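Enquirer: Below you'll find entry19.cif; it's mmCIF, C-alpha atoms and all ligand atoms; chains and numbers go by the auth columns.
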```cif
data_start
#
loop_
_atom_site.group_PDB
_atom_site.id
_atom_site.type_symbol
_atom_site.label_atom_id
_atom_site.label_comp_id
_atom_site.label_asym_id
_atom_site.label_seq_id
_atom_site.Cartn_x
_atom_site.Cartn_y
_atom_site.Cartn_z
_atom_site.B_iso_or_equiv
_atom_site.auth_seq_id
_atom_site.auth_asym_id
ATOM 1 C CA MET A 1 182.177 145.718 -19.982 0.00 1 R
ATOM 2 C CA LYS A 2 179.402 148.292 -20.125 0.00 2 R
ATOM 3 C CA THR A 3 180.154 151.965 -20.465 0.00 3 R
ATOM 4 C CA TYR A 4 178.479 153.683 -17.576 0.00 4 R
ATOM 5 C CA GLN A 5 177.818 157.413 -17.582 0.00 5 R
ATOM 6 C CA HIS A 6 176.024 157.841 -14.251 0.00 6 R
ATOM 7 C CA ILE A 7 176.854 156.362 -10.858 0.00 7 R
ATOM 8 C CA PHE A 8 174.125 156.308 -8.201 0.00 8 R
ATOM 9 C CA PHE A 9 175.222 156.116 -4.570 0.00 9 R
ATOM 10 C CA ASP A 10 173.212 155.176 -1.534 0.00 10 R
ATOM 11 C CA LEU A 11 174.070 157.497 1.380 0.00 11 R
ATOM 12 C CA ASP A 12 173.589 155.883 4.830 0.00 12 R
ATOM 13 C CA HIS A 13 175.970 152.971 5.549 0.00 13 R
ATOM 14 C CA THR A 14 177.557 153.362 2.098 0.00 14 R
ATOM 15 C CA LEU A 15 179.287 156.761 2.239 0.00 15 R
ATOM 16 C CA TRP A 16 177.978 158.414 5.413 0.00 16 R
ATOM 17 C CA ASP A 17 178.981 156.339 8.439 0.00 17 R
ATOM 18 C CA TYR A 18 175.549 156.054 10.017 0.00 18 R
ATOM 19 C CA ASP A 19 176.591 153.826 12.919 0.00 19 R
ATOM 20 C CA ARG A 20 179.532 155.949 14.009 0.00 20 R
ATOM 21 C CA ASN A 21 177.621 159.230 13.677 0.00 21 R
ATOM 22 C CA VAL A 22 174.566 157.904 15.508 0.00 22 R
ATOM 23 C CA THR A 23 176.641 156.369 18.301 0.00 23 R
ATOM 24 C CA GLU A 24 178.297 159.719 18.958 0.00 24 R
ATOM 25 C CA SER A 25 175.035 161.619 19.115 0.00 25 R
ATOM 26 C CA LEU A 26 173.316 158.993 21.305 0.00 26 R
ATOM 27 C CA SER A 27 176.204 159.176 23.743 0.00 27 R
ATOM 28 C CA GLU A 28 175.899 162.965 23.884 0.00 28 R
ATOM 29 C CA LEU A 29 172.145 162.713 24.467 0.00 29 R
ATOM 30 C CA TYR A 30 172.513 160.073 27.169 0.00 30 R
ATOM 31 C CA HIS A 31 174.753 162.379 29.177 0.00 31 R
ATOM 32 C CA HIS A 32 173.171 165.718 28.282 0.00 32 R
ATOM 33 C CA TYR A 33 169.665 164.658 29.376 0.00 33 R
ATOM 34 C CA GLU A 34 170.981 162.482 32.238 0.00 34 R
ATOM 35 C CA LEU A 35 169.031 159.441 31.124 0.00 35 R
ATOM 36 C CA LEU A 36 170.346 157.590 34.144 0.00 36 R
ATOM 37 C CA ASN A 37 167.836 159.667 36.134 0.00 37 R
ATOM 38 C CA MET A 38 165.043 158.606 33.744 0.00 38 R
ATOM 39 C CA GLY A 39 165.525 154.924 34.475 0.00 39 R
ATOM 40 C CA ILE A 40 168.055 153.899 31.824 0.00 40 R
ATOM 41 C CA PRO A 41 170.981 152.589 33.868 0.00 41 R
ATOM 42 C CA THR A 42 173.717 152.451 31.215 0.00 42 R
ATOM 43 C CA PHE A 43 174.546 153.982 27.859 0.00 43 R
ATOM 44 C CA GLN A 44 174.919 150.467 26.464 0.00 44 R
ATOM 45 C CA GLN A 45 171.313 149.694 27.355 0.00 45 R
ATOM 46 C CA PHE A 46 170.133 152.892 25.645 0.00 46 R
ATOM 47 C CA PHE A 47 172.308 152.130 22.616 0.00 47 R
ATOM 48 C CA ASP A 48 171.122 148.510 22.292 0.00 48 R
ATOM 49 C CA SER A 49 167.481 149.572 22.603 0.00 49 R
ATOM 50 C CA PHE A 50 167.983 152.267 19.976 0.00 50 R
ATOM 51 C CA HIS A 51 169.279 149.702 17.516 0.00 51 R
ATOM 52 C CA HIS A 52 166.579 147.182 18.268 0.00 52 R
ATOM 53 C CA VAL A 53 163.721 149.673 17.903 0.00 53 R
ATOM 54 C CA ASN A 54 165.156 151.906 15.180 0.00 54 R
ATOM 55 C CA TYR A 55 165.929 149.101 12.725 0.00 55 R
ATOM 56 C CA GLN A 56 162.451 147.671 13.237 0.00 56 R
ATOM 57 C CA LEU A 57 160.907 151.082 12.566 0.00 57 R
ATOM 58 C CA TRP A 58 163.004 151.603 9.429 0.00 58 R
ATOM 59 C CA ASP A 59 162.012 148.152 8.165 0.00 59 R
ATOM 60 C CA ASP A 60 158.382 149.144 8.751 0.00 60 R
ATOM 61 C CA TYR A 61 158.956 152.508 7.033 0.00 61 R
ATOM 62 C CA ASN A 62 160.642 150.845 4.042 0.00 62 R
ATOM 63 C CA VAL A 63 157.657 148.577 3.416 0.00 63 R
ATOM 64 C CA GLY A 64 155.181 151.410 3.984 0.00 64 R
ATOM 65 C CA LYS A 65 153.803 150.208 7.328 0.00 65 R
ATOM 66 C CA ILE A 66 154.450 153.571 9.012 0.00 66 R
ATOM 67 C CA ASP A 67 155.111 157.087 7.745 0.00 67 R
ATOM 68 C CA LYS A 68 157.799 159.611 8.598 0.00 68 R
ATOM 69 C CA THR A 69 155.700 161.440 11.202 0.00 69 R
ATOM 70 C CA ASN A 70 154.899 158.267 13.094 0.00 70 R
ATOM 71 C CA LEU A 71 158.431 156.982 12.879 0.00 71 R
ATOM 72 C CA ARG A 72 159.708 160.132 14.546 0.00 72 R
ATOM 73 C CA LYS A 73 156.885 160.386 17.052 0.00 73 R
ATOM 74 C CA THR A 74 157.110 156.827 18.337 0.00 74 R
ATOM 75 C CA ARG A 75 160.858 156.192 18.076 0.00 75 R
ATOM 76 C CA PHE A 76 162.148 157.419 21.437 0.00 76 R
ATOM 77 C CA PRO A 77 159.087 156.450 23.505 0.00 77 R
ATOM 78 C CA ARG A 78 159.565 152.885 22.215 0.00 78 R
ATOM 79 C CA ILE A 79 163.304 153.037 22.819 0.00 79 R
ATOM 80 C CA PHE A 80 162.787 154.271 26.377 0.00 80 R
ATOM 81 C CA ASN A 81 160.237 151.524 27.043 0.00 81 R
ATOM 82 C CA HIS A 82 162.546 148.905 25.601 0.00 82 R
ATOM 83 C CA ALA A 83 165.441 150.150 27.754 0.00 83 R
ATOM 84 C CA GLY A 84 163.329 150.100 30.903 0.00 84 R
ATOM 85 C CA GLY A 85 163.179 153.905 31.157 0.00 85 R
ATOM 86 C CA GLN A 86 160.284 156.282 31.768 0.00 86 R
ATOM 87 C CA ALA A 87 158.855 157.167 28.367 0.00 87 R
ATOM 88 C CA ASP A 88 156.688 159.919 29.824 0.00 88 R
ATOM 89 C CA ALA A 89 159.833 161.683 31.069 0.00 89 R
ATOM 90 C CA ILE A 90 161.283 162.234 27.581 0.00 90 R
ATOM 91 C CA PRO A 91 161.885 165.933 26.970 0.00 91 R
ATOM 92 C CA ILE A 92 159.743 167.330 24.155 0.00 92 R
ATOM 93 C CA GLU A 93 162.778 168.353 22.092 0.00 93 R
ATOM 94 C CA PHE A 94 164.525 164.977 22.318 0.00 94 R
ATOM 95 C CA GLU A 95 163.750 163.636 18.826 0.00 95 R
ATOM 96 C CA GLU A 96 164.618 166.947 17.183 0.00 96 R
ATOM 97 C CA ASP A 97 167.832 167.199 19.170 0.00 97 R
ATOM 98 C CA PHE A 98 168.751 163.671 18.081 0.00 98 R
ATOM 99 C CA MET A 99 168.090 164.500 14.416 0.00 99 R
ATOM 100 C CA HIS A 100 170.035 167.748 14.622 0.00 100 R
ATOM 101 C CA ARG A 101 173.063 166.271 16.363 0.00 101 R
ATOM 102 C CA THR A 102 173.183 163.198 14.156 0.00 102 R
ATOM 103 C CA SER A 103 172.839 164.944 10.826 0.00 103 R
ATOM 104 C CA SER A 104 175.572 167.416 11.877 0.00 104 R
ATOM 105 C CA LYS A 105 178.151 164.622 12.265 0.00 105 R
ATOM 106 C CA PRO A 106 180.979 164.445 9.734 0.00 106 R
ATOM 107 C CA HIS A 107 182.110 160.810 9.652 0.00 107 R
ATOM 108 C CA VAL A 108 182.207 158.983 6.337 0.00 108 R
ATOM 109 C CA PHE A 109 183.468 155.511 5.405 0.00 109 R
ATOM 110 C CA PRO A 110 187.185 155.119 4.739 0.00 110 R
ATOM 111 C CA TYR A 111 188.205 156.256 1.252 0.00 111 R
ATOM 112 C CA SER A 112 184.808 157.898 0.530 0.00 112 R
ATOM 113 C CA LYS A 113 186.205 161.227 -0.603 0.00 113 R
ATOM 114 C CA GLU A 114 189.140 159.671 -2.447 0.00 114 R
ATOM 115 C CA ILE A 115 186.864 157.397 -4.465 0.00 115 R
ATOM 116 C CA LEU A 116 184.384 160.195 -5.157 0.00 116 R
ATOM 117 C CA THR A 117 187.211 162.417 -6.381 0.00 117 R
ATOM 118 C CA TYR A 118 188.448 159.577 -8.602 0.00 118 R
ATOM 119 C CA LEU A 119 184.986 158.795 -9.989 0.00 119 R
ATOM 120 C CA LYS A 120 183.988 162.410 -10.513 0.00 120 R
ATOM 121 C CA GLY A 121 186.640 162.737 -13.177 0.00 121 R
ATOM 122 C CA LYS A 122 185.006 159.978 -15.224 0.00 122 R
ATOM 123 C CA TYR A 123 181.277 159.865 -14.433 0.00 123 R
ATOM 124 C CA GLN A 124 178.366 161.956 -13.221 0.00 124 R
ATOM 125 C CA LEU A 125 177.614 161.088 -9.614 0.00 125 R
ATOM 126 C CA HIS A 126 174.197 161.126 -7.925 0.00 126 R
ATOM 127 C CA VAL A 127 172.581 160.021 -4.676 0.00 127 R
ATOM 128 C CA ILE A 128 169.445 157.881 -4.374 0.00 128 R
ATOM 129 C CA THR A 129 168.341 157.621 -0.750 0.00 129 R
ATOM 130 C CA ASN A 130 165.336 156.491 1.251 0.00 130 R
ATOM 131 C CA GLY A 131 166.114 159.156 3.853 0.00 131 R
ATOM 132 C CA PHE A 132 164.287 162.421 4.379 0.00 132 R
ATOM 133 C CA ASN A 133 165.141 165.558 2.362 0.00 133 R
ATOM 134 C CA GLU A 134 166.199 167.841 5.173 0.00 134 R
ATOM 135 C CA SER A 135 168.301 165.374 7.139 0.00 135 R
ATOM 136 C CA GLN A 136 170.017 163.909 4.060 0.00 136 R
ATOM 137 C CA ALA A 137 170.980 167.396 2.849 0.00 137 R
ATOM 138 C CA LYS A 138 172.366 168.272 6.276 0.00 138 R
ATOM 139 C CA LYS A 139 174.334 165.042 6.505 0.00 139 R
ATOM 140 C CA MET A 140 175.889 165.639 3.091 0.00 140 R
ATOM 141 C CA ASN A 141 176.829 169.201 3.996 0.00 141 R
ATOM 142 C CA SER A 142 178.331 168.430 7.374 0.00 142 R
ATOM 143 C CA SER A 143 180.367 165.536 5.995 0.00 143 R
ATOM 144 C CA GLY A 144 181.612 167.446 2.935 0.00 144 R
ATOM 145 C CA LEU A 145 179.870 165.186 0.403 0.00 145 R
ATOM 146 C CA THR A 146 177.555 167.714 -1.285 0.00 146 R
ATOM 147 C CA GLU A 147 180.079 169.002 -3.815 0.00 147 R
ATOM 148 C CA PHE A 148 180.550 165.590 -5.455 0.00 148 R
ATOM 149 C CA PHE A 149 176.959 165.073 -6.554 0.00 149 R
ATOM 150 C CA ASP A 150 174.809 166.497 -9.335 0.00 150 R
ATOM 151 C CA LEU A 151 171.427 165.071 -8.383 0.00 151 R
ATOM 152 C CA VAL A 152 170.143 163.958 -4.967 0.00 152 R
ATOM 153 C CA VAL A 153 166.961 161.905 -5.229 0.00 153 R
ATOM 154 C CA THR A 154 165.073 161.031 -2.055 0.00 154 R
ATOM 155 C CA SER A 155 162.091 158.825 -1.426 0.00 155 R
ATOM 156 C CA GLU A 156 160.398 161.873 0.070 0.00 156 R
ATOM 157 C CA THR A 157 160.663 163.806 -3.213 0.00 157 R
ATOM 158 C CA THR A 158 159.653 160.976 -5.526 0.00 158 R
ATOM 159 C CA GLY A 159 157.038 159.341 -3.300 0.00 159 R
ATOM 160 C CA HIS A 160 158.674 155.958 -3.946 0.00 160 R
ATOM 161 C CA LYS A 161 161.194 154.116 -1.797 0.00 161 R
ATOM 162 C CA LYS A 162 163.893 151.740 -2.913 0.00 162 R
ATOM 163 C CA PRO A 163 163.410 148.853 -3.836 0.00 163 R
ATOM 164 C CA ASP A 164 160.496 150.304 -5.829 0.00 164 R
ATOM 165 C CA ALA A 165 161.803 150.573 -9.400 0.00 165 R
ATOM 166 C CA ARG A 166 159.997 153.888 -9.847 0.00 166 R
ATOM 167 C CA ILE A 167 162.584 155.839 -7.802 0.00 167 R
ATOM 168 C CA PHE A 168 165.258 154.580 -10.239 0.00 168 R
ATOM 169 C CA HIS A 169 163.103 155.258 -13.320 0.00 169 R
ATOM 170 C CA PHE A 170 162.494 158.792 -11.990 0.00 170 R
ATOM 171 C CA THR A 171 166.247 159.356 -11.727 0.00 171 R
ATOM 172 C CA VAL A 172 167.028 157.912 -15.182 0.00 172 R
ATOM 173 C CA GLU A 173 164.355 160.125 -16.734 0.00 173 R
ATOM 174 C CA ALA A 174 165.513 163.211 -14.846 0.00 174 R
ATOM 175 C CA LEU A 175 169.014 162.642 -16.231 0.00 175 R
ATOM 176 C CA LYS A 176 167.708 161.975 -19.760 0.00 176 R
ATOM 177 C CA THR A 177 169.842 158.847 -19.928 0.00 177 R
ATOM 178 C CA SER A 178 169.188 155.091 -20.258 0.00 178 R
ATOM 179 C CA HIS A 179 169.206 152.344 -17.625 0.00 179 R
ATOM 180 C CA GLN A 180 172.173 150.668 -19.327 0.00 180 R
ATOM 181 C CA GLU A 181 174.335 153.721 -18.680 0.00 181 R
ATOM 182 C CA CYS A 182 173.673 153.727 -14.919 0.00 182 R
ATOM 183 C CA LEU A 183 175.171 151.819 -11.999 0.00 183 R
ATOM 184 C CA MET A 184 173.832 151.669 -8.423 0.00 184 R
ATOM 185 C CA ILE A 185 176.199 151.323 -5.428 0.00 185 R
ATOM 186 C CA GLY A 186 174.746 150.500 -2.017 0.00 186 R
ATOM 187 C CA ASP A 187 174.985 148.454 1.171 0.00 187 R
ATOM 188 C CA ASN A 188 171.412 147.230 1.457 0.00 188 R
ATOM 189 C CA PRO A 189 170.526 144.085 -0.523 0.00 189 R
ATOM 190 C CA ASN A 190 166.776 144.606 -0.064 0.00 190 R
ATOM 191 C CA SER A 191 166.588 148.233 -1.132 0.00 191 R
ATOM 192 C CA ASP A 192 169.695 149.083 -3.191 0.00 192 R
ATOM 193 C CA ILE A 193 170.502 145.819 -4.945 0.00 193 R
ATOM 194 C CA LEU A 194 167.021 144.392 -5.400 0.00 194 R
ATOM 195 C CA GLY A 195 165.764 147.866 -6.302 0.00 195 R
ATOM 196 C CA ALA A 196 168.331 148.302 -9.054 0.00 196 R
ATOM 197 C CA ILE A 197 167.679 144.757 -10.326 0.00 197 R
ATOM 198 C CA ASN A 198 163.946 145.594 -10.437 0.00 198 R
ATOM 199 C CA ALA A 199 164.756 148.664 -12.505 0.00 199 R
ATOM 200 C CA GLY A 200 167.145 146.929 -14.907 0.00 200 R
ATOM 201 C CA ILE A 201 170.210 148.770 -13.601 0.00 201 R
ATOM 202 C CA ASP A 202 173.560 147.135 -12.819 0.00 202 R
ATOM 203 C CA GLN A 203 174.545 147.046 -9.166 0.00 203 R
ATOM 204 C CA VAL A 204 177.556 147.172 -6.856 0.00 204 R
ATOM 205 C CA TYR A 205 176.900 145.558 -3.488 0.00 205 R
ATOM 206 C CA PHE A 206 179.023 147.295 -0.829 0.00 206 R
ATOM 207 C CA ASN A 207 179.474 144.519 1.728 0.00 207 R
ATOM 208 C CA PRO A 208 182.182 145.432 4.260 0.00 208 R
ATOM 209 C CA GLU A 209 180.969 142.830 6.756 0.00 209 R
ATOM 210 C CA GLY A 210 180.935 139.933 4.299 0.00 210 R
ATOM 211 C CA LYS A 211 177.221 139.125 4.680 0.00 211 R
ATOM 212 C CA GLN A 212 175.721 136.238 2.726 0.00 212 R
ATOM 213 C CA ILE A 213 172.834 137.252 0.478 0.00 213 R
ATOM 214 C CA ASP A 214 170.507 135.400 -1.894 0.00 214 R
ATOM 215 C CA LEU A 215 170.892 137.875 -4.753 0.00 215 R
ATOM 216 C CA ASN A 216 173.579 137.860 -7.427 0.00 216 R
ATOM 217 C CA PRO A 217 174.799 141.476 -7.776 0.00 217 R
ATOM 218 C CA THR A 218 176.719 142.575 -10.865 0.00 218 R
ATOM 219 C CA TYR A 219 179.698 143.436 -8.603 0.00 219 R
ATOM 220 C CA THR A 220 180.452 143.015 -4.909 0.00 220 R
ATOM 221 C CA ILE A 221 183.074 144.991 -2.976 0.00 221 R
ATOM 222 C CA SER A 222 184.130 145.064 0.667 0.00 222 R
ATOM 223 C CA HIS A 223 186.014 148.394 0.481 0.00 223 R
ATOM 224 C CA LEU A 224 185.252 151.491 -1.594 0.00 224 R
ATOM 225 C CA LYS A 225 188.773 151.477 -3.063 0.00 225 R
ATOM 226 C CA GLU A 226 187.907 148.317 -4.996 0.00 226 R
ATOM 227 C CA LEU A 227 185.715 150.421 -7.297 0.00 227 R
ATOM 228 C CA GLU A 228 188.901 151.662 -8.970 0.00 228 R
ATOM 229 C CA SER A 229 189.575 148.209 -10.367 0.00 229 R
ATOM 230 C CA PHE A 230 186.528 148.243 -12.660 0.00 230 R
ATOM 231 C CA LEU A 231 185.351 151.858 -12.922 0.00 231 R
HETATM 232 MG MG MG B . 172.319 152.304 3.072 0.00 1 I
#
```
Now, as a test, write the supplied structure out as structure tokens.
Ligand SMILES: [Mg+2]
Expert:
Amino acid sequence: MKTYQHIFFDLDHTLWDYDRNVTESLSELYHHYELLNMGIPTFQQFFDSFHHVNYQLWDDYNVGKIDKTNLRKTRFPRIFNHAGGQADAIPIEFEEDFMHRTSSKPHVFPYSKEILTYLKGKYQLHVITNGFNESQAKKMNSSGLTEFFDLVVTSETTGHKKPDARIFHFTVEALKTSHQECLMIGDNPNSDILGAINAGIDQVYFNPEGKQIDLNPTYTISHLKELESFL
């Protein structure tokens, strides 16, 4: 077994419970802005449209089809259209309110802090995320994750998104270490696992839903506690 020195974590859907945090803030927004009166008849409809549109936009962002500004500018108009609501009725502060509420949410995956406490005694821990600087920092603060990590590398800082190997090379160089001493843990086969493979770094695929993938990760786990059995 290799001797790792540095563990890289993905943030959204790996430690920070994106779905739970987003669901809470969407529910608050639906009621606060009375979206029923803007043509969206149920929260479920708003929620389903959010997922449909948001995942499409993030896929587009991840392959460089749209930038951050456009993602944020077009997100809720598209969601409102998809949900059958009146996009021209969206309050000007809606996107910002969504970002603020969501990144202030505290929920993390089960056993996140326990495993980080365990690992911190043995390795240096870092984050590599395709998210934006400001929102990722807020999420980590509000969920109590900041203290565990030495380096937080974002696609916004490096100019390269996972699965581009350059975001991993940047991190390895910044740490003055070697690829063999690093291990990447993440939930996304396309960005985290393929990205680490591209960079020559071992990978842990966090797969709580038991998805089938075409790649062959170094390790696969369905619960964060399983990391204790090999790290
Ligand atoms: Mg993720």
Enquirer: Under the rule that only C-alpha atoms are counted, which of R:Val153, R:Ala165, R:Leu145, R:Leu194 is the nearest residue to Phe109 of chain R?
Expert: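 Closest residue, counting only C-alpha atoms: R:Leu145.
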Enquirer: Taking all atoms listed in the file into account, which residues have an atom no farther than 8 Å from ligand MG 1 (chain I)? I'd like them as a VMD selection string.
Expert: chain R and resid 10 to 14 129 186 to 188 192
Enquirer: On this structure, which residues satisfy the PyMOL selection byres (((chain R and resi 76-93) around 8) and not hetatm), written as JSON, numbers by chain?
Expert: {"R": [38, 39, 40, 45, 46, 49, 50, 53, 54, 72, 73, 74, 75, 94, 95, 96, 97]}
Enquirer: Can you spell out as a list of chain:residue names the set of residues that the PyMOL selection byres (((chain R and resi 159) around 12) and not hetatm) selects in the structure I just provided?
Expert: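 That selection, the PyMOL selection byres (((chain R and resi 159) around 12) and not hetatm), comes back as R:Asn62, R:Gly64, R:Asp67, R:Lys68, R:Thr129, R:Asn130, R:Gly131, R:Phe132, R:Asn133, R:Val153, R:Thr154, R:Ser155, R:Glu156, R:Thr157, R:Thr158, R:His160, R:Lys161, R:Lys162, R:Asp164, R:Ala165, R:Arg166, R:Ile167, R:Phe168, R:Phe170.
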Enquirer: Can you build me a table of segment 117-206 of chain R residues sitting at most 12 Å from segment 210-221 of chain R, with the closest atom pair per residue and its distance in Å to one decimal, using all atoms listed in the file, sorted by chain and residue number, as JSON lines?
Expert:
```
{"residue": "R:Leu183", "atom": "CA", "partner": "R:Thr218", "partner_atom": "CA", "distance": 9.4}
{"residue": "R:Met184", "atom": "CA", "partner": "R:Thr218", "partner_atom": "CA", "distance": 9.8}
{"residue": "R:Ile185", "atom": "CA", "partner": "R:Tyr219", "partner_atom": "CA", "distance": 9.2}
{"residue": "R:Gly186", "atom": "CA", "partner": "R:Thr220", "partner_atom": "CA", "distance": 9.8}
{"residue": "R:Asp187", "atom": "CA", "partner": "R:Ile221", "partner_atom": "CA", "distance": 9.7}
{"residue": "R:Asn188", "atom": "CA", "partner": "R:Ile213", "partner_atom": "CA", "distance": 10.1}
{"residue": "R:Pro189", "atom": "CA", "partner": "R:Ile213", "partner_atom": "CA", "distance": 7.3}
{"residue": "R:Asn190", "atom": "CA", "partner": "R:Leu215", "partner_atom": "CA", "distance": 9.2}
{"residue": "R:Ser191", "atom": "CA", "partner": "R:Leu215", "partner_atom": "CA", "distance": 11.8}
{"residue": "R:Asp192", "atom": "CA", "partner": "R:Pro217", "partner_atom": "CA", "distance": 10.2}
{"residue": "R:Ile193", "atom": "CA", "partner": "R:Pro217", "partner_atom": "CA", "distance": 6.7}
{"residue": "R:Leu194", "atom": "CA", "partner": "R:Leu215", "partner_atom": "CA", "distance": 7.6}
{"residue": "R:Gly195", "atom": "CA", "partner": "R:Pro217", "partner_atom": "CA", "distance": 11.2}
{"residue": "R:Ala196", "atom": "CA", "partner": "R:Pro217", "partner_atom": "CA", "distance": 9.5}
{"residue": "R:Ile197", "atom": "CA", "partner": "R:Pro217", "partner_atom": "CA", "distance": 8.2}
{"residue": "R:Asn198", "atom": "CA", "partner": "R:Leu215", "partner_atom": "CA", "distance": 11.8}
{"residue": "R:Gly200", "atom": "CA", "partner": "R:Thr218", "partner_atom": "CA", "distance": 11.3}
{"residue": "R:Ile201", "atom": "CA", "partner": "R:Thr218", "partner_atom": "CA", "distance": 9.4}
{"residue": "R:Asp202", "atom": "CA", "partner": "R:Thr218", "partner_atom": "CA", "distance": 5.9}
{"residue": "R:Gln203", "atom": "CA", "partner": "R:Thr218", "partner_atom": "CA", "distance": 5.3}
{"residue": "R:Val204", "atom": "CA", "partner": "R:Tyr219", "partner_atom": "CA", "distance": 4.6}
{"residue": "R:Tyr205", "atom": "CA", "partner": "R:Thr220", "partner_atom": "CA", "distance": 4.6}
{"residue": "R:Phe206", "atom": "CA", "partner": "R:Ile221", "partner_atom": "CA", "distance": 5.1}
```
Enquirer: Can you list, as an MDAnalysis selection string, every protein, DNA or RNA residue that comes within 7 Å of segment 116-128 of chain R when you count all atoms listed in the file, leaving out same-chain residues fewer than 2 positions away?
Expert: chainID R and resid 5:11 112:114 148:154
Enquirer: Output the residue selection produced by the PyMOL selection byres (((chain R and resi 101) around 12) and not hetatm) on the file above, formatted as a list of chain:residue names.
Expert: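 Checking the PyMOL selection byres (((chain R and resi 101) around 12) and not hetatm) against this file, the residues are R:Asn21, R:Val22, R:Thr23, R:Glu24, R:Ser25, R:Leu26, R:Ser27, R:Glu28, R:Leu29, R:His32, R:Glu93, R:Phe94, R:Glu95, R:Glu96, R:Asp97, R:Phe98, R:Met99, R:His100, R:Thr102, R:Ser103, R:Ser104, R:Lys105, R:Pro106, R:Ser135, R:Lys138, R:Lys139, R:Ser142.
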Enquirer: For atom CA of Tyr61 of chain R and atom CA of Val172 of chain R, determine how far apart the two atoms are, in Å to one decimal place.
Expert: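 Atom CA of Val172 of chain R lies at a distance of 24.2 Å from atom CA of Tyr61 of chain R.
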Enquirer: I'd like the interatomic distance between atom CA of Thr3 of chain R and atom CA of Pro208 of chain R, to a tenth of an Å.
Expert: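 Distance between the two atoms: 25.7 Å.
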Enquirer: Between atom CA of Asn141 of chain R and atom CA of Asp59 of chain R, what distance in Å does the model show, to one decimal?
Expert: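 Atom CA of Asp59 of chain R lies 26.1 Å from atom CA of Asn141 of chain R.
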Enquirer: May I have the residues at most 8 Å from (178.3, 153.7, -21.0) in the file's coordinates, counting all atoms listed in the file, as a short mmCIF file (atom, residue, chain, number, x, y, z; two decimals) with C-alpha atoms, keeping the file's coordinate frame?
Expert:
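Listing of selection.cif after writing:
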```
data_model
loop_
_atom_site.label_atom_id
_atom_site.label_comp_id
_atom_site.auth_asym_id
_atom_site.auth_seq_id
_atom_site.Cartn_x
_atom_site.Cartn_y
_atom_site.Cartn_z
CA LYS R 2 179.40 148.29 -20.12
CA THR R 3 180.15 151.96 -20.46
CA TYR R 4 178.48 153.68 -17.58
CA GLN R 5 177.82 157.41 -17.58
CA GLN R 180 172.17 150.67 -19.33
CA GLU R 181 174.34 153.72 -18.68
CA CYS R 182 173.67 153.73 -14.92
#
```
Enquirer: Measuring atom to atom with only C-alpha atoms, identify which of R:Glu134, R:Leu35, R:Leu71, R:Val63 is nearest to Pro163 of chain R.
Expert: R:Val63
